[in-house]
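Student: File follows, entry29.txt with compact mmCIF, C-alpha atoms:
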```txt
# COMPACT_ATOMS: atom_id res chain seq x y z
CA LEU R 1 8.67 -23.73 19.97
CA LEU R 2 10.43 -20.64 18.62
CA TYR R 3 7.54 -19.95 16.24
CA ASN R 4 5.00 -20.28 19.04
CA PHE R 5 7.03 -17.99 21.26
CA LEU R 6 7.31 -15.32 18.56
CA ARG R 7 3.61 -15.56 17.83
CA PHE R 8 2.85 -15.17 21.54
CA LEU R 9 5.22 -12.18 21.70
CA HIS R 10 3.56 -10.54 18.71
CA GLU R 11 0.06 -11.04 20.12
CA THR R 12 1.17 -9.68 23.48
CA LEU R 13 2.77 -6.58 21.98
CA ASN R 14 -0.28 -6.01 19.82
CA SER R 15 -2.47 -5.95 22.94
CA PHE R 16 -0.48 -3.12 24.52
CA THR R 17 -1.56 0.48 24.18
CA THR R 18 0.32 2.83 21.87
CA GLU R 19 1.86 4.58 24.88
CA ILE R 20 3.37 1.32 26.15
CA ARG R 21 4.58 0.15 22.74
CA CYS R 22 6.33 3.46 22.10
CA VAL R 23 8.57 3.09 25.18
CA LEU R 24 9.60 -0.48 24.41
CA PRO R 25 13.12 -1.25 23.13
CA TYR R 26 13.43 -0.07 19.55
CA TRP R 27 14.28 -3.52 18.14
CA LEU R 28 10.71 -4.57 18.95
CA ARG R 29 9.36 -2.21 16.30
CA TYR R 30 8.97 -5.13 13.90
CA TYR R 31 6.11 -6.73 15.85
CA PRO R 32 3.44 -8.07 14.04
CA LYS R 33 3.40 -7.69 10.30
CA GLY R 34 0.28 -8.41 8.30
CA GLY R 35 -1.33 -7.58 4.99
CA PHE R 36 1.06 -7.70 2.07
CA SER R 37 4.06 -8.62 4.22
CA ILE R 38 2.79 -12.22 4.30
CA ASP R 39 2.32 -12.41 0.52
CA PRO R 40 5.68 -13.07 -1.19
CA HIS R 41 4.20 -12.45 -4.64
CA VAL R 42 3.46 -8.83 -3.77
CA LYS R 43 7.07 -8.33 -2.73
CA GLU R 44 8.17 -9.86 -6.03
CA LEU R 45 5.79 -7.59 -7.93
CA PHE R 46 7.11 -4.50 -6.16
CA VAL R 47 10.68 -5.47 -7.00
CA GLU R 48 9.71 -5.76 -10.67
CA LEU R 49 7.94 -2.40 -10.54
CA ARG R 50 11.06 -0.92 -8.96
CA ASN R 51 12.94 -1.86 -12.11
CA LEU R 52 10.60 0.36 -14.16
CA GLY R 53 12.18 3.46 -12.64
CA ILE R 54 9.90 4.22 -9.69
CA THR R 55 10.80 7.68 -8.35
CA SER R 56 8.94 7.71 -5.00
CA CYS R 57 6.39 5.80 -2.89
CA VAL R 58 3.23 7.17 -1.29
CA GLU R 59 1.19 5.15 1.20
CA THR R 60 -2.21 6.23 2.50
CA GLY R 61 -3.49 4.80 5.77
CA THR R 62 -0.19 4.27 7.60
CA PHE R 63 -1.88 2.50 10.54
CA ARG R 64 1.00 1.15 12.67
CA GLY R 65 3.56 1.32 9.89
CA ASN R 66 3.72 -2.33 8.80
CA MET R 67 3.53 -1.56 5.10
CA THR R 68 5.70 1.51 5.54
CA LEU R 69 8.53 -0.63 6.92
CA LEU R 70 8.13 -3.09 4.05
CA LEU R 71 8.32 -0.29 1.48
CA THR R 72 11.52 1.08 3.05
CA LYS R 73 13.13 -2.34 2.56
CA ILE R 74 11.99 -2.73 -1.05
CA PHE R 75 12.78 0.88 -1.99
CA PRO R 76 15.73 1.82 0.27
CA ASN R 77 16.94 4.57 -2.08
CA LEU R 78 13.58 6.33 -2.53
CA PHE R 79 11.53 8.64 -0.37
CA VAL R 80 8.57 6.83 1.18
CA TYR R 81 5.74 9.21 2.10
CA SER R 82 3.02 7.78 4.34
CA ILE R 83 -0.16 9.66 5.22
CA GLU R 84 -2.16 9.02 8.40
CA LEU R 85 -4.99 11.04 9.99
CA ASN R 86 -5.41 9.15 13.28
CA ASP R 87 -3.36 10.64 16.16
CA GLU R 88 -2.63 7.31 17.85
CA TYR R 89 -1.52 5.50 14.71
CA PHE R 90 0.56 8.46 13.58
CA LYS R 91 2.40 8.52 16.92
CA GLU R 92 3.14 4.79 16.82
CA ALA R 93 4.24 4.80 13.17
CA THR R 94 6.53 7.74 13.94
CA TRP R 95 8.23 5.71 16.67
CA ARG R 96 8.56 2.63 14.49
CA THR R 97 10.08 4.48 11.54
CA LYS R 98 12.16 7.12 13.35
CA ARG R 99 15.48 5.63 12.22
CA ASP R 100 14.43 5.16 8.61
CA LYS R 101 15.88 8.24 6.94
CA ASN R 102 13.85 7.78 3.75
CA VAL R 103 10.46 7.83 5.54
CA ASN R 104 8.36 10.99 5.62
CA LEU R 105 5.18 10.65 7.71
CA ILE R 106 2.42 13.16 7.01
CA LYS R 107 -0.48 13.75 9.40
CA SER R 108 -3.35 14.63 7.09
CA SER R 109 -6.37 13.31 5.28
CA SER R 110 -5.02 11.28 2.39
CA PRO R 111 -6.45 13.28 -0.57
CA ILE R 112 -5.09 16.52 0.89
CA GLY R 113 -1.73 14.89 1.60
CA ILE R 114 -1.46 13.58 -1.97
CA LYS R 115 -2.53 16.96 -3.38
CA LYS R 116 0.20 18.77 -1.41
CA LEU R 117 2.89 16.27 -2.46
CA ILE R 118 1.95 16.67 -6.13
CA GLU R 119 1.80 20.48 -5.93
CA ALA R 120 5.20 20.55 -4.20
CA GLU R 121 6.62 18.33 -6.99
CA LYS R 122 7.97 15.82 -4.47
CA LEU R 123 7.13 12.63 -6.33
CA GLY R 124 9.12 12.59 -9.56
CA ASN R 125 8.05 11.22 -12.92
CA LEU R 126 6.80 7.79 -11.82
CA PRO R 127 5.46 7.56 -8.25
CA LEU R 128 4.07 4.35 -6.80
CA PHE R 129 0.97 4.76 -4.63
CA PHE R 130 -0.35 2.23 -2.10
CA LEU R 131 -3.92 3.13 -1.12
CA ASP R 132 -5.20 1.67 2.14
CA ALA R 133 -6.97 4.53 3.94
CA HIS R 134 -10.53 3.22 3.46
CA TRP R 135 -11.40 2.32 7.06
CA TYR R 136 -13.83 4.99 8.26
CA ASP R 137 -17.26 6.29 7.28
CA TYR R 138 -15.66 8.44 4.57
CA CYS R 139 -13.94 6.33 1.92
CA PRO R 140 -11.23 8.58 0.41
CA THR R 141 -10.22 6.30 -2.48
CA LYS R 142 -12.12 8.22 -5.17
CA ASP R 143 -10.70 11.56 -4.02
CA GLU R 144 -7.20 10.05 -3.78
CA LEU R 145 -7.44 8.76 -7.35
CA LEU R 146 -8.78 12.06 -8.65
CA GLU R 147 -5.68 13.78 -7.26
CA ILE R 148 -3.42 11.08 -8.73
CA SER R 149 -5.17 11.47 -12.10
CA LYS R 150 -3.53 14.90 -12.40
CA LEU R 151 -0.17 13.17 -12.90
CA ASP R 152 1.01 12.14 -16.35
CA LYS R 153 2.21 8.75 -15.16
CA ALA R 154 1.71 6.70 -11.99
CA ILE R 155 1.27 3.19 -10.62
CA VAL R 156 -1.42 2.68 -7.98
CA VAL R 157 -1.85 -0.41 -5.79
CA ILE R 158 -5.28 -0.48 -4.13
CA HIS R 159 -5.64 -2.70 -1.08
CA ASP R 160 -8.91 -4.59 -0.38
CA PHE R 161 -9.89 -4.28 -4.04
CA GLU R 162 -12.74 -6.29 -5.51
CA VAL R 163 -11.21 -8.82 -7.91
CA VAL R 164 -13.71 -10.10 -10.47
CA GLY R 165 -14.42 -13.79 -9.94
CA ARG R 166 -12.67 -13.97 -6.56
CA PRO R 167 -15.29 -12.97 -3.95
CA GLU R 168 -13.51 -14.96 -1.25
CA MET R 169 -10.67 -12.43 -1.22
CA TYR R 170 -12.86 -9.36 -0.85
CA ARG R 171 -14.17 -7.67 2.32
CA PRO R 172 -16.89 -5.29 1.10
CA SER R 173 -18.14 -4.41 4.59
CA MET R 174 -15.29 -1.89 4.89
CA PHE R 175 -16.88 0.50 2.41
CA PRO R 176 -20.51 0.68 1.29
CA GLU R 177 -19.87 1.35 -2.40
CA GLY R 178 -17.14 -1.24 -2.79
CA ILE R 179 -13.84 -0.62 -4.55
CA GLY R 180 -13.62 -2.48 -7.83
CA PHE R 181 -13.50 -2.00 -11.58
CA LYS R 182 -17.08 -0.75 -11.80
CA PHE R 183 -16.21 1.88 -9.19
CA LEU R 184 -13.05 2.97 -11.04
CA ARG R 185 -14.74 3.15 -14.44
CA SER R 186 -17.38 5.52 -13.06
CA PHE R 187 -14.87 8.38 -12.82
CA LEU R 188 -11.43 7.46 -14.22
CA LYS R 189 -11.08 8.46 -17.87
CA GLY R 190 -8.11 8.15 -20.19
CA ASN R 191 -5.14 5.86 -20.50
CA TYR R 192 -5.47 3.38 -17.64
CA ASN R 193 -4.43 -0.29 -17.56
CA TYR R 194 -4.75 -2.71 -14.68
CA LEU R 195 -3.52 -5.96 -13.17
CA SER R 196 -5.45 -8.20 -10.79
CA PRO R 197 -4.15 -11.40 -9.14
CA LYS R 198 -5.17 -14.72 -10.57
CA TYR R 199 -3.31 -16.62 -7.85
CA ASN R 200 -4.87 -17.28 -4.45
CA ALA R 201 -3.82 -14.01 -2.82
CA PRO R 202 -4.48 -13.79 0.95
CA VAL R 203 -5.91 -10.27 0.50
CA ALA R 204 -7.54 -8.82 -2.60
CA TYR R 205 -5.85 -5.95 -4.42
CA GLY R 206 -5.63 -4.28 -7.81
CA VAL R 207 -2.80 -2.48 -9.60
CA ILE R 208 -3.67 0.50 -11.79
CA PHE R 209 -1.24 1.97 -14.35
CA LYS R 210 -1.78 5.48 -15.68
CA GLY R 211 -0.10 6.90 -18.75
CA PHE R 212 1.88 3.87 -19.93
CA GLY R 213 0.52 3.77 -23.48
CA GLU R 214 2.86 1.77 -25.73
CA ASP R 215 5.00 0.90 -22.71
CA TRP R 216 2.23 -1.42 -21.52
CA ASP R 217 3.65 -4.24 -23.64
CA LYS R 218 6.79 -4.14 -21.51
CA ILE R 219 4.68 -4.57 -18.36
CA ILE R 220 2.62 -7.56 -19.43
CA ASN R 221 5.70 -9.39 -20.72
CA ILE R 222 7.39 -9.42 -17.30
CA PRO R 223 7.47 -13.14 -16.34
CA ILE R 224 5.87 -12.79 -12.90
CA ILE R 225 3.05 -10.72 -14.37
CA GLU R 226 2.44 -13.18 -17.20
CA LYS R 227 2.27 -15.98 -14.64
CA LEU R 228 0.27 -14.47 -11.77
CA TYR R 229 -1.90 -11.61 -13.07
CA PHE R 230 -4.87 -10.87 -15.29
CA GLU R 231 -4.40 -7.68 -17.28
CA GLY R 232 -6.77 -5.30 -18.94
CA LYS R 233 -7.77 -1.72 -19.69
CA LEU R 234 -10.22 0.47 -17.81
```
Before anything else, please render the file you have as C-alpha cells.
Tutor:
Amino acid sequence: LLYNFLRFLHETLNSFTTEIRCVLPYWLRYYPKGGFSIDPHVKELFVELRNLGITSCVETGTFRGNMTLLLTKIFPNLFVYSIELNDEYFKEATWRTKRDKNVNLIKSSSPIGIKKLIEAEKLGNLPLFFLDAHWYDYCPTKDELLEISKLDKAIVVIHDFEVVGRPEMYRPSMFPEGIGFKFLRSFLKGNYNYLSPKYNAPVAYGVIFKGFGEDWDKIINIPIIEKLYFEGKL
C-alpha cells in the first residue's frame, strides 16, 4: 500500500507544471527519480570512481535535477556543476537543489558551459563528466567531447550510449547519428579507454577514460569492473 501511494504521489507531482512544483513544500523535491538512480550498479561504479581521486563533477542536460541530486549524495565534498539550456527545467532544478551548497547550476548550451569551466580552471586534475544533453535537434555530444578532449585527464559517462551487442538497451531515435563507439572513433584521437556494461542495465551507457595510460591496469582490476563491464581502447 505504501509503495502504491508513493508511486501515485510521484505520478501526480510529475503531472504538475513547473510553477506548481516550485511552490510545493521543499521536502517534496525528491519526487520521481529515474535513469541511473534505479540502477544500483551505476551508484557502485561512481563510488569506485570516487576513490580514484575525482576532483569535480559536470553534468550536461540537468532536466529536473534527478541525476544532480544523486551526484551530490555520491560526491558530497566536490563541486557538482550542471548545465541546462531550457528555462523551465533550469528553474525547477534550481528549486530542487537550492539547499545543496556544492551544486552550481549553469544556464547555457553544454559545450559552451564546459568550455567556460575548463578555461576558468574550475574542474581540477580529474573531473567526472555525465553527458545527457542529447534531446533536441542539435546533438551536442561531439562538441562536448571535443571540449573535454582539451583536458589531460578525465572520465566521461555518456547516457543512452549504444552498447555493442545490446540493442535492447539503446534508444537511437533520440539522435539521428547515434552515439556509440563508431561515433566516438570518428573524431576522438589519442589515449582513450572505455567500459561498457555487460550486465542487463536498464539504460545503455558508456564510460570513457582519457589520459590514464599505465594507470588503466588499476581500473580494470577493480572487482566491480572485472565483474560487470567490458573494457577496451578506442
Student: Provide the atom CA of R:Arg96 to atom CA of R:Leu52 distance in Å, to one decimal place.
Tutor: 28.8 Å
Student: Counting all atoms listed in the file, which of R:Asn125, R:Ser196, R:Thr97, R:Ser82 gets nearest to R:Asp152?
Tutor: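 Counting all atoms listed in the file, the residue closest to R:Asp152 is R:Asn125.
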Student: Please build the interface table for stretch 126-202 of chain R against stretch 71-77 of chain R with a cut-off of 12 Å, listing for each qualifying residue the nearest atom pair and the distance in Å to one decimal; count all atoms listed in the file, order rows by chain and increasing number, and write it as a Markdown table.
Tutor:
```
| residue | atom | partner | partner_atom | distance |
| --- | --- | --- | --- | --- |
| R:Pro127 | CA | R:Phe75 | CA | 11.7 |
| R:Leu128 | CA | R:Leu71 | CA | 10.4 |
| R:Phe129 | CA | R:Leu71 | CA | 10.8 |
| R:Phe130 | CA | R:Leu71 | CA | 9.7 |
```
Student: Go ahead and compute the interatomic distance for atom CA of R:Lys233 and atom CA of R:Phe209, in Å to one decimal.
Tutor: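 Between atom CA of R:Lys233 and atom CA of R:Phe209 the gap is 9.2 Å.
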Student: Calculated over all atoms listed in the file, which of the candidates R:Gly206, R:Asn191, R:Asp137, R:Met67 has the smallest distance to R:Phe161?
Tutor: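 Between R:Gly206, R:Asn191, R:Asp137, R:Met67, the residue approaching R:Phe161 most closely is R:Gly206.
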Student: Counting only C-alpha atoms, what is within 12 Å of stretch 145-148 of chain R, bar same-chain residues fewer than 5 positions away, as an MDAnalysis selection string?
Tutor: chainID R and resid 58 60 110:119 123 126:131 139:140 153:158 179 183:189 192 208:211
Student: Using Å and a single decimal, report how far atom CA of R:Thr12 sits from atom CA of R:Asn104.
Tutor: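 Separation of atom CA of R:Asn104 and atom CA of R:Thr12: 28.2 Å.
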Student: Looking at R:Asp87, R:Leu151, R:His41, R:Glu214, which one is nearest to R:Glu121, with distances taken over all atoms listed in the file?
Tutor: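 Counting all atoms listed in the file, the residue closest to R:Glu121 is R:Leu151.
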Student: Tell me, counting all atoms listed in the file, for each residue of stretch 37-156 of chain R within 10 Å of stretch 199-203 of chain R, which pair of atoms is nearest and how far apart they are in Å to one decimal, in rows ordered by chain and increasing number, as a tab-separated table.
Tutor:
```
residue	atom	partner	partner_atom	distance
R:Ile38	CA	R:Pro202	CA	8.2
R:Asp39	CA	R:Pro202	CA	7.0
R:Pro40	CA	R:Ala201	CA	9.7
R:His41	CA	R:Ala201	CA	8.4
R:Val42	CA	R:Ala201	CA	9.0
```
Student: Hey, which bits of stretch 39-117 of chain R sit within 9 Å of stretch 220-231 of chain R, and for each residue what's the closest pair of atoms and how far apart in Å (one decimal), counting all atoms listed in the file, rows by chain and increasing number, as CSV?
Tutor:
```
residue,atom,partner,partner_atom,distance
R:His41,CA,R:Leu228,CA,8.4
R:Glu44,CA,R:Ile224,CA,7.8
R:Leu45,CA,R:Ile224,CA,7.2
R:Glu48,CA,R:Ile222,CA,7.9
```
